[in-house]
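K.L.:
Okay, handing you the structure first.
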Amino acid sequence: MFNQTLYNEMTKGLKKFIFSPFLFSLAIGGHPINIDGSFGDWVEVPIIYSDNDDDAIEADFSILKVTYDSEFLFIYFKFYEGEFLMQDWNDFHLYIDSDNNSSTGTSFHGIGAELEWTFGARSGYQHFNGEQIEIYQNDLNLRIGPTITSQEFEIAISREAFPLTMNGLQSMTNGRIVLSEVSAGGDFLPDEIGGVTFSINEDDVLPPDPIPLEKYSEDDIRILSYNTWGTGIIDDERQIHFKRVIQALDPDIIALQEHSEWEEIDDIIQAWFPNEQWHASWTHRDLVVLSRFSIIDDASMISSNRTMAALLNTENELGKNLLVFNSHLSCCSNNEDRQQQVDEFASVWREWVLNSDGPFEIEEGTPFVHVGDFNYVGYRKQVETIRDGDIEDESQYGNDFFPDWDSTSIIDLFPRHTHKRMGYTWRKDGSSFNPGKLDYIFYSDATIDTGKYFILNTLAMDDISLNNYELQWEDTQNASDHLPIVFDITINNEVGIEKEHILPISAILYPNYPNPFNSKTSITFYLLDPGIIELSIIDVTGNTVKKLMHEKRPAGNSLVNWDGKNMNGESVTSGIYFCLLKVNEKSFKSKILLLK
């Protein structure tokens, strides 16, 4: 078993070069990794190489981690600064010597690589028995997160891919890895010749617990977001696949995108659920919202009609009407238009909240959800504009504006597949682009409490689950190149900005200060009686970032600071985190916004 304390002592005070493959080796087990671009599950994976700072002209590699489960080899790497797009705009190369033999494969930086992959070109080569065979993402079952620009990335490669198995002749147990930017002055990881060594042991990494499709509670409100691609549900050949998928998910609200034929859609959905009365909004460009709740009003939000809003009558269920935003932003390399669209949306929403100047009337504190195919395949700023209200073109669209009713960011969910640790929502095996997260769910946690959320991918489901839900293995694959995303709103009378906060019997977790923060924030909590508490920082997926306190505390107020670092002492990226206080089997949670 890996001893983190011993490891910290061994490396204390040493410089980065200690991780040279010739000086240091770690025997580590596998880890369950979700490839979703959130990185919280990498915290417990040790660093196997730390590269020198400021030794490159442009991209400067920082750290490397490697682990595995029964299906994938996982690779994590980070840069010291900057942001990069892994599927374009770069000359980054990955070399893997899958038999740990420098005399086989192609010779590069002291290793013999059976796999050579060029991220920016979205292609690579398998080198075997003197042959060079061109390969693409589907040959590797390559998965990369995130799909937007970032300072850190996680990668999964199938352990059954031919370059790792030497065309099926081996099960890889030891290998070496090199990362490089091949252009002039580019960085190498490692700097030393010979690559970074890693091992795959015989330990078992348990598969994820399947997520049942049923709601936690029948009273929850289920939203389904689905890009149905072209004629979609109207298409005679694909309609049966959509029918099985949508009936199995049994939504209360359906937000559809990228559909060219709308006249029949409400009749079709009504026929699939004959015992409920369904309502449809007007079609805005290629967007529509269908609902078991009556639709009070709907409108286009921006000039391109790529975002719509629908107000649903959920007064009886939520105490207020629910506002649903549905988006299908500009595709692919059209970053300029996509940024303009999110800037415009943020400005319209700002005026709606601050000045009641919107397309129709809403109450203050109206719960809202923003779903859709956002086509986020470029700059991460586009995500930050929706999530944080960070407008890029302020001269055109005005000042930044925190979009939630409590003047904070909204939540960007990171759902995973029901039966696999993956977070991609788009997949086309014949494309040069590997699967990615294009579809998002954002929501107001000031007014909404989340229930179950997930992505449905029937290709990853076992036969028992498929039969149980009357699904077939290729249903989601044959229906659309996008996967359906589910988000359940839990009915919770304690959520809502207009409700008074009643003093809890056991504890109070106060809002941290300052919030947002940059370098340090203070967290205060109150205990009515002495007790053992656990105070942690978690990310939006629920993964523990850092444990701040686990001890017995006296009655009264206690204060602890968080410096924006994880358990390994590394600075975490900007974004939304939560402070989680556990006292006597009760949990209290507050939102923290880190801005760097």
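If you're wondering about the labels, chains in the structure tokens are A, B, ... by order shown, residues count from 1 in each chain, ligands from 1 in order shown.
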Which residues come within 7 Å of His279 of chain A, counting only C-alpha atoms, excluding same-chain residues fewer than 6 positions away, as a PDB file with all heavy atoms, in the first residue's frame?
P.N.:
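Result saved to around.pdb:
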ATOM      1  N   LEU A 290     -40.460  21.115 -24.125  1.00  0.00           N
ATOM      2  CA  LEU A 290     -41.718  20.404 -23.911  1.00  0.00           C
ATOM      3  C   LEU A 290     -41.820  20.085 -22.436  1.00  0.00           C
ATOM      4  O   LEU A 290     -40.812  19.751 -21.798  1.00  0.00           O
ATOM      5  CB  LEU A 290     -41.768  19.129 -24.750  1.00  0.00           C
ATOM      6  CG  LEU A 290     -41.591  19.339 -26.261  1.00  0.00           C
ATOM      7  CD1 LEU A 290     -40.245  18.789 -26.702  1.00  0.00           C
ATOM      8  CD2 LEU A 290     -42.718  18.691 -27.028  1.00  0.00           C
ATOM      9  N   SER A 291     -43.051  20.128 -21.901  1.00  0.00           N
ATOM     10  CA  SER A 291     -43.168  20.048 -20.455  1.00  0.00           C
ATOM     11  C   SER A 291     -44.506  19.451 -20.038  1.00  0.00           C
ATOM     12  O   SER A 291     -45.536  19.676 -20.682  1.00  0.00           O
ATOM     13  CB  SER A 291     -43.026  21.451 -19.857  1.00  0.00           C
ATOM     14  OG  SER A 291     -43.354  21.473 -18.492  1.00  0.00           O
ATOM     15  N   ARG A 292     -44.470  18.689 -18.940  1.00  0.00           N
ATOM     16  CA  ARG A 292     -45.706  18.239 -18.303  1.00  0.00           C
ATOM     17  C   ARG A 292     -46.360  19.357 -17.507  1.00  0.00           C
ATOM     18  O   ARG A 292     -47.503  19.240 -17.094  1.00  0.00           O
ATOM     19  CB  ARG A 292     -45.411  17.044 -17.396  1.00  0.00           C
ATOM     20  CG  ARG A 292     -45.061  15.781 -18.170  1.00  0.00           C
ATOM     21  CD  ARG A 292     -44.634  14.664 -17.258  1.00  0.00           C
ATOM     22  NE  ARG A 292     -44.492  13.411 -18.003  1.00  0.00           N
ATOM     23  CZ  ARG A 292     -43.951  12.309 -17.518  1.00  0.00           C
ATOM     24  NH1 ARG A 292     -43.510  12.292 -16.272  1.00  0.00           N
ATOM     25  NH2 ARG A 292     -43.852  11.224 -18.252  1.00  0.00           N
ATOM     26  N   PHE A 293     -45.609  20.439 -17.275  1.00  0.00           N
ATOM     27  CA  PHE A 293     -46.147  21.630 -16.640  1.00  0.00           C
ATOM     28  C   PHE A 293     -46.532  22.627 -17.730  1.00  0.00           C
ATOM     29  O   PHE A 293     -45.835  22.747 -18.744  1.00  0.00           O
ATOM     30  CB  PHE A 293     -45.115  22.258 -15.698  1.00  0.00           C
ATOM     31  CG  PHE A 293     -44.495  21.281 -14.740  1.00  0.00           C
ATOM     32  CD1 PHE A 293     -43.224  20.770 -14.972  1.00  0.00           C
ATOM     33  CD2 PHE A 293     -45.185  20.850 -13.620  1.00  0.00           C
ATOM     34  CE1 PHE A 293     -42.641  19.862 -14.103  1.00  0.00           C
ATOM     35  CE2 PHE A 293     -44.620  19.933 -12.749  1.00  0.00           C
ATOM     36  CZ  PHE A 293     -43.354  19.436 -12.985  1.00  0.00           C
ATOM     37  N   SER A 294     -47.586  23.337 -17.531  1.00  0.00           N
ATOM     38  CA  SER A 294     -47.991  24.319 -18.539  1.00  0.00           C
ATOM     39  C   SER A 294     -46.919  25.389 -18.688  1.00  0.00           C
ATOM     40  O   SER A 294     -46.207  25.730 -17.736  1.00  0.00           O
ATOM     41  CB  SER A 294     -49.327  24.954 -18.146  1.00  0.00           C
ATOM     42  OG  SER A 294     -49.214  25.628 -16.907  1.00  0.00           O
ATOM     43  N   ILE A 295     -46.800  25.902 -19.902  1.00  0.00           N
ATOM     44  CA  ILE A 295     -45.783  26.900 -20.226  1.00  0.00           C
ATOM     45  C   ILE A 295     -46.431  28.278 -20.166  1.00  0.00           C
ATOM     46  O   ILE A 295     -47.309  28.611 -20.971  1.00  0.00           O
ATOM     47  CB  ILE A 295     -45.156  26.623 -21.595  1.00  0.00           C
ATOM     48  CG1 ILE A 295     -44.459  25.257 -21.568  1.00  0.00           C
ATOM     49  CG2 ILE A 295     -44.174  27.722 -21.984  1.00  0.00           C
ATOM     50  CD1 ILE A 295     -43.886  24.818 -22.897  1.00  0.00           C
TER      51      ILE A 295
END
K.L.:
When DSSP works through the backbone of this structure, what residues of segment 307-552 of chain A end up as alpha helix (DSSP H), shown as a ChimeraX atom specification?
P.N.:
/A:315-318,335-355,381-388,394-397,463-468,475-479
K.L.:
Excluding segment 416-433 of chain A and its own-chain neighbours fewer than 6 positions away, which residues fall within 9 Å of it when counting only C-alpha atoms? Please give them as JSON, numbers by chain.
P.N.:
{"A": [32, 33, 34, 35, 36, 37, 87, 121, 122, 123, 136, 137, 138, 141, 143, 144, 145, 147, 207, 208, 209, 210, 211, 212, 213, 439, 440, 453, 454, 455, 456, 457, 458, 460, 461, 462, 477, 480, 481, 482, 483, 484, 485]}
K.L.:
Next, the residues of the selection above should be written as a PDB file, in the first residue's frame with C-alpha atoms.
P.N.:
ATOM      1  CA  PRO A  32     -10.882   5.141 -10.294  1.00  0.00           C
ATOM      2  CA  ILE A  33     -10.684   8.173 -12.594  1.00  0.00           C
ATOM      3  CA  ASN A  34     -13.594  10.024 -14.174  1.00  0.00           C
ATOM      4  CA  ILE A  35     -12.556  11.548 -17.493  1.00  0.00           C
ATOM      5  CA  ASP A  36     -14.720  14.632 -17.205  1.00  0.00           C
ATOM      6  CA  GLY A  37     -12.299  17.553 -16.932  1.00  0.00           C
ATOM      7  CA  GLN A  87      -7.501  18.743 -29.782  1.00  0.00           C
ATOM      8  CA  ALA A 121      -3.252  16.874 -35.523  1.00  0.00           C
ATOM      9  CA  ARG A 122      -5.664  14.398 -33.876  1.00  0.00           C
ATOM     10  CA  SER A 123      -3.730  11.500 -35.328  1.00  0.00           C
ATOM     11  CA  TYR A 136      -6.833   7.839 -35.170  1.00  0.00           C
ATOM     12  CA  GLN A 137      -8.678   8.494 -31.928  1.00  0.00           C
ATOM     13  CA  ASN A 138     -11.047   5.557 -32.240  1.00  0.00           C
ATOM     14  CA  ASN A 141     -10.560   4.689 -27.537  1.00  0.00           C
ATOM     15  CA  ARG A 143     -10.777  10.195 -24.177  1.00  0.00           C
ATOM     16  CA  ILE A 144      -9.563  13.673 -23.169  1.00  0.00           C
ATOM     17  CA  GLY A 145     -10.890  16.168 -20.655  1.00  0.00           C
ATOM     18  CA  THR A 147     -12.755  19.775 -24.303  1.00  0.00           C
ATOM     19  CA  PRO A 207     -16.011  -0.457 -11.815  1.00  0.00           C
ATOM     20  CA  PRO A 208     -18.291   2.431 -10.856  1.00  0.00           C
ATOM     21  CA  ASP A 209     -21.563   1.713  -9.155  1.00  0.00           C
ATOM     22  CA  PRO A 210     -24.259   1.914 -11.838  1.00  0.00           C
ATOM     23  CA  ILE A 211     -26.602   4.876 -11.550  1.00  0.00           C
ATOM     24  CA  PRO A 212     -30.205   3.647 -11.677  1.00  0.00           C
ATOM     25  CA  LEU A 213     -32.378   5.668 -14.039  1.00  0.00           C
ATOM     26  CA  ASP A 439     -23.578  19.647 -23.614  1.00  0.00           C
ATOM     27  CA  TYR A 440     -23.862  21.317 -20.203  1.00  0.00           C
ATOM     28  CA  TYR A 453     -27.973  13.729 -12.589  1.00  0.00           C
ATOM     29  CA  PHE A 454     -26.266  11.595 -15.235  1.00  0.00           C
ATOM     30  CA  ILE A 455     -25.524  10.941 -18.899  1.00  0.00           C
ATOM     31  CA  LEU A 456     -27.135   7.953 -20.604  1.00  0.00           C
ATOM     32  CA  ASN A 457     -24.880   5.897 -22.878  1.00  0.00           C
ATOM     33  CA  THR A 458     -26.464   2.552 -23.742  1.00  0.00           C
ATOM     34  CA  ALA A 460     -21.783   1.171 -21.693  1.00  0.00           C
ATOM     35  CA  MET A 461     -24.745  -0.606 -20.085  1.00  0.00           C
ATOM     36  CA  ASP A 462     -24.843  -4.294 -19.196  1.00  0.00           C
ATOM     37  CA  GLN A 477     -25.537   5.599 -30.639  1.00  0.00           C
ATOM     38  CA  SER A 480     -27.893  10.904 -32.177  1.00  0.00           C
ATOM     39  CA  ASP A 481     -24.219  11.820 -31.984  1.00  0.00           C
ATOM     40  CA  HIS A 482     -25.057  13.530 -28.673  1.00  0.00           C
ATOM     41  CA  LEU A 483     -26.016  11.711 -25.493  1.00  0.00           C
ATOM     42  CA  PRO A 484     -29.026  12.643 -23.353  1.00  0.00           C
ATOM     43  CA  ILE A 485     -28.308  14.412 -20.063  1.00  0.00           C
TER      44      ILE A 485
END
K.L.:
Quick one: residues within 10 Å of Arg380 of chain A, only C-alpha atoms counted, chain neighbours fewer than 3 positions away excluded, as a PDB file with N, CA, C and O atoms, in the first residue's frame?
P.N.:
ATOM      1  N   GLU A  83      -3.006  28.539 -21.081  1.00  0.00           N
ATOM      2  CA  GLU A  83      -4.094  27.611 -21.343  1.00  0.00           C
ATOM      3  C   GLU A  83      -3.977  27.135 -22.782  1.00  0.00           C
ATOM      4  O   GLU A  83      -3.585  27.884 -23.680  1.00  0.00           O
ATOM      5  N   PHE A  84      -4.318  25.870 -22.992  1.00  0.00           N
ATOM      6  CA  PHE A  84      -4.117  25.224 -24.276  1.00  0.00           C
ATOM      7  C   PHE A  84      -5.353  24.404 -24.628  1.00  0.00           C
ATOM      8  O   PHE A  84      -6.127  24.016 -23.752  1.00  0.00           O
ATOM      9  N   LEU A  85      -5.526  24.157 -25.913  1.00  0.00           N
ATOM     10  CA  LEU A  85      -6.616  23.317 -26.393  1.00  0.00           C
ATOM     11  C   LEU A  85      -5.990  22.024 -26.887  1.00  0.00           C
ATOM     12  O   LEU A  85      -5.157  22.030 -27.790  1.00  0.00           O
ATOM     13  N   PRO A 146     -10.358  18.537 -20.215  1.00  0.00           N
ATOM     14  CA  PRO A 146     -11.632  18.990 -20.763  1.00  0.00           C
ATOM     15  C   PRO A 146     -11.552  19.186 -22.273  1.00  0.00           C
ATOM     16  O   PRO A 146     -10.474  19.074 -22.865  1.00  0.00           O
ATOM     17  N   THR A 147     -12.689  19.517 -22.873  1.00  0.00           N
ATOM     18  CA  THR A 147     -12.755  19.775 -24.303  1.00  0.00           C
ATOM     19  C   THR A 147     -12.445  21.232 -24.609  1.00  0.00           C
ATOM     20  O   THR A 147     -12.276  21.599 -25.765  1.00  0.00           O
ATOM     21  N   ILE A 148     -12.384  22.078 -23.591  1.00  0.00           N
ATOM     22  CA  ILE A 148     -12.066  23.496 -23.732  1.00  0.00           C
ATOM     23  C   ILE A 148     -10.603  23.729 -23.338  1.00  0.00           C
ATOM     24  O   ILE A 148      -9.919  22.817 -22.885  1.00  0.00           O
ATOM     25  N   THR A 149     -10.122  24.956 -23.516  1.00  0.00           N
ATOM     26  CA  THR A 149      -8.752  25.279 -23.134  1.00  0.00           C
ATOM     27  C   THR A 149      -8.581  25.146 -21.627  1.00  0.00           C
ATOM     28  O   THR A 149      -9.502  25.394 -20.846  1.00  0.00           O
ATOM     29  N   SER A 150      -7.387  24.745 -21.222  1.00  0.00           N
ATOM     30  CA  SER A 150      -7.133  24.502 -19.812  1.00  0.00           C
ATOM     31  C   SER A 150      -5.635  24.532 -19.552  1.00  0.00           C
ATOM     32  O   SER A 150      -4.822  24.506 -20.482  1.00  0.00           O
ATOM     33  N   GLN A 339     -18.549  33.389 -28.283  1.00  0.00           N
ATOM     34  CA  GLN A 339     -18.304  34.317 -27.178  1.00  0.00           C
ATOM     35  C   GLN A 339     -19.286  35.478 -27.226  1.00  0.00           C
ATOM     36  O   GLN A 339     -19.788  35.931 -26.184  1.00  0.00           O
ATOM     37  N   TYR A 376     -19.008  23.924 -26.568  1.00  0.00           N
ATOM     38  CA  TYR A 376     -17.791  24.444 -25.955  1.00  0.00           C
ATOM     39  C   TYR A 376     -16.599  23.569 -26.359  1.00  0.00           C
ATOM     40  O   TYR A 376     -16.280  22.568 -25.719  1.00  0.00           O
ATOM     41  N   VAL A 377     -15.933  23.975 -27.431  1.00  0.00           N
ATOM     42  CA  VAL A 377     -14.772  23.244 -27.931  1.00  0.00           C
ATOM     43  C   VAL A 377     -13.603  24.198 -28.156  1.00  0.00           C
ATOM     44  O   VAL A 377     -12.652  23.870 -28.867  1.00  0.00           O
ATOM     45  N   VAL A 383     -17.291  29.294 -21.081  1.00  0.00           N
ATOM     46  CA  VAL A 383     -17.915  28.645 -19.922  1.00  0.00           C
ATOM     47  C   VAL A 383     -18.000  29.629 -18.761  1.00  0.00           C
ATOM     48  O   VAL A 383     -19.028  29.730 -18.082  1.00  0.00           O
ATOM     49  N   GLU A 384     -16.933  30.373 -18.538  1.00  0.00           N
ATOM     50  CA  GLU A 384     -16.881  31.298 -17.417  1.00  0.00           C
ATOM     51  C   GLU A 384     -17.883  32.434 -17.575  1.00  0.00           C
ATOM     52  O   GLU A 384     -18.381  32.981 -16.583  1.00  0.00           O
ATOM     53  N   THR A 385     -18.198  32.797 -18.805  1.00  0.00           N
ATOM     54  CA  THR A 385     -19.182  33.858 -19.015  1.00  0.00           C
ATOM     55  C   THR A 385     -20.565  33.412 -18.561  1.00  0.00           C
ATOM     56  O   THR A 385     -21.291  34.161 -17.908  1.00  0.00           O
TER      57      THR A 385
END
K.L.:
Could you pull out all residues of segment 288-456 of chain A with a DSSP call of strand (DSSP E or B) and give them as an MDAnalysis selection string?
P.N.:
chainID A and resid 288:291 295:300 307:312 322:328 368:373 411:412 417 420 422 426 436 439:443 449:455
K.L.:
Using only C-alpha atoms, tabulate the residues of segment 340-416 of chain A lying at most 12 Å from any atom of segment 296-311 of chain A, each with its closest atom pair and that distance in Å to one decimal, by chain and increasing residue number, as a Markdown table.
P.N.:
| residue | atom | partner | partner_atom | distance |
| --- | --- | --- | --- | --- |
| A:Gln340 | CA | A:Ile302 | CA | 9.9 |
| A:Gln341 | CA | A:Ile302 | CA | 7.0 |
| A:Val342 | CA | A:Ile302 | CA | 8.9 |
| A:Asp343 | CA | A:Ile302 | CA | 9.7 |
| A:Glu344 | CA | A:Ile302 | CA | 6.4 |
| A:Phe345 | CA | A:Ile302 | CA | 6.1 |
| A:Ala346 | CA | A:Ile302 | CA | 9.7 |
| A:Ser347 | CA | A:Ile302 | CA | 9.7 |
| A:Val348 | CA | A:Met301 | CA | 7.2 |
| A:Trp349 | CA | A:Met301 | CA | 8.5 |
| A:Arg350 | CA | A:Met301 | CA | 11.9 |
| A:Glu351 | CA | A:Met301 | CA | 11.8 |
| A:Trp352 | CA | A:Met301 | CA | 10.6 |
| A:Asp357 | CA | A:Met301 | CA | 11.9 |
| A:Gly358 | CA | A:Met301 | CA | 8.6 |
| A:Pro359 | CA | A:Ala299 | CA | 6.3 |
| A:Phe360 | CA | A:Asp297 | CA | 7.2 |
| A:Glu361 | CA | A:Asp297 | CA | 8.8 |
| A:Ile362 | CA | A:Leu311 | CA | 8.2 |
| A:Glu363 | CA | A:Leu311 | CA | 10.8 |
| A:Thr366 | CA | A:Leu311 | CA | 9.5 |
| A:Pro367 | CA | A:Leu311 | CA | 10.0 |
| A:Phe368 | CA | A:Leu311 | CA | 9.1 |
| A:Val369 | CA | A:Ala309 | CA | 9.8 |
| A:His370 | CA | A:Ala309 | CA | 8.9 |
| A:Val371 | CA | A:Thr307 | CA | 9.7 |
| A:Gly372 | CA | A:Thr307 | CA | 8.8 |
| A:Asp373 | CA | A:Arg306 | CA | 10.0 |
| A:Phe374 | CA | A:Arg306 | CA | 9.5 |
| A:Asn375 | CA | A:Arg306 | CA | 11.4 |
| A:Ile386 | CA | A:Thr307 | CA | 11.9 |
| A:Tyr397 | CA | A:Ile302 | CA | 11.9 |
K.L.:
Which distance in Å separates atom CA of Gly82 of chain A and atom CA of Phe188 of chain A, to one decimal?
P.N.:
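Separation between atom CA of Gly82 of chain A and atom CA of Phe188 of chain A: 16.6 Å.
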K.L.:
Pick out the residues sitting within 12 Å of Gly194 of chain A, and hand them over as a list in words; count only C-alpha atoms, and ignore anything fewer than 6 positions along from it in its own chain.
P.N.:
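What passes the distance filter is Ser20, Pro21, Phe22, Leu23, Tyr95, Ile96, Asp97, Asn100, Asn101, Ser102, Ser107, Phe108, His109, Gly110, Ile111, Gly112, Ala113, Gly175, Arg176, Ile177, Val178, Leu179 and Phe188 of chain A.
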K.L.:
Produce a table with one row for each residue of segment 172-229 of chain A that has an atom at most 9 Å from any atom of segment 233-247 of chain A, each row naming the nearest atom pair and its distance in Å at one decimal; use only C-alpha atoms; arrange rows by chain and rising residue number; format as CSV.
P.N.:
residue,atom,partner,partner_atom,distance
A:Leu224,CA,A:Ile246,CA,8.4
A:Thr228,CA,A:Ile233,CA,6.8
A:Trp229,CA,A:Ile233,CA,8.8
K.L.:
Could you write out the selected residues, including C-alpha atoms, as a short mmCIF file (atom, residue, chain, number, x, y, z; two decimals), in the first residue's frame?
P.N.:
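Listing of part_33.cif after writing:
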data_model
loop_
_atom_site.label_atom_id
_atom_site.label_comp_id
_atom_site.auth_asym_id
_atom_site.auth_seq_id
_atom_site.Cartn_x
_atom_site.Cartn_y
_atom_site.Cartn_z
CA LEU A 224 -33.85 16.00 -20.05
CA THR A 228 -31.39 15.21 -31.48
CA TRP A 229 -29.32 16.06 -34.60
#
K.L.:
Can you work out the spacing between atom CA of Ser590 of chain A and atom CA of Glu534 of chain A in Å, to one decimal?
P.N.:
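Computed distance, atom CA of Ser590 of chain A to atom CA of Glu534 of chain A, equals 14.2 Å.
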K.L.:
Can you tell me which residues surround Gly124 of chain A at a distance of at most 7 Å, considering only C-alpha atoms, apart from same-chain residues fewer than 6 positions away, and format the answer as a list in words?
P.N.:
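With the cut-off at 7 Å, the set is Glu116, Trp117, Thr118, Glu134, Ile135 and Tyr136 of chain A.
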K.L.:
Just write the chosen residues, C-alpha atoms, as a PDB file, in the first residue's frame.
P.N.:
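The result, written out as again25.pdb:
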ATOM      1  CA  GLU A 116       3.283   8.247 -31.118  1.00  0.00           C
ATOM      2  CA  TRP A 117       0.312  10.588 -30.858  1.00  0.00           C
ATOM      3  CA  THR A 118       0.067  14.216 -32.028  1.00  0.00           C
ATOM      4  CA  GLU A 134      -1.334   5.723 -39.089  1.00  0.00           C
ATOM      5  CA  ILE A 135      -3.974   5.637 -36.328  1.00  0.00           C
ATOM      6  CA  TYR A 136      -6.833   7.839 -35.170  1.00  0.00           C
TER       7      TYR A 136
END
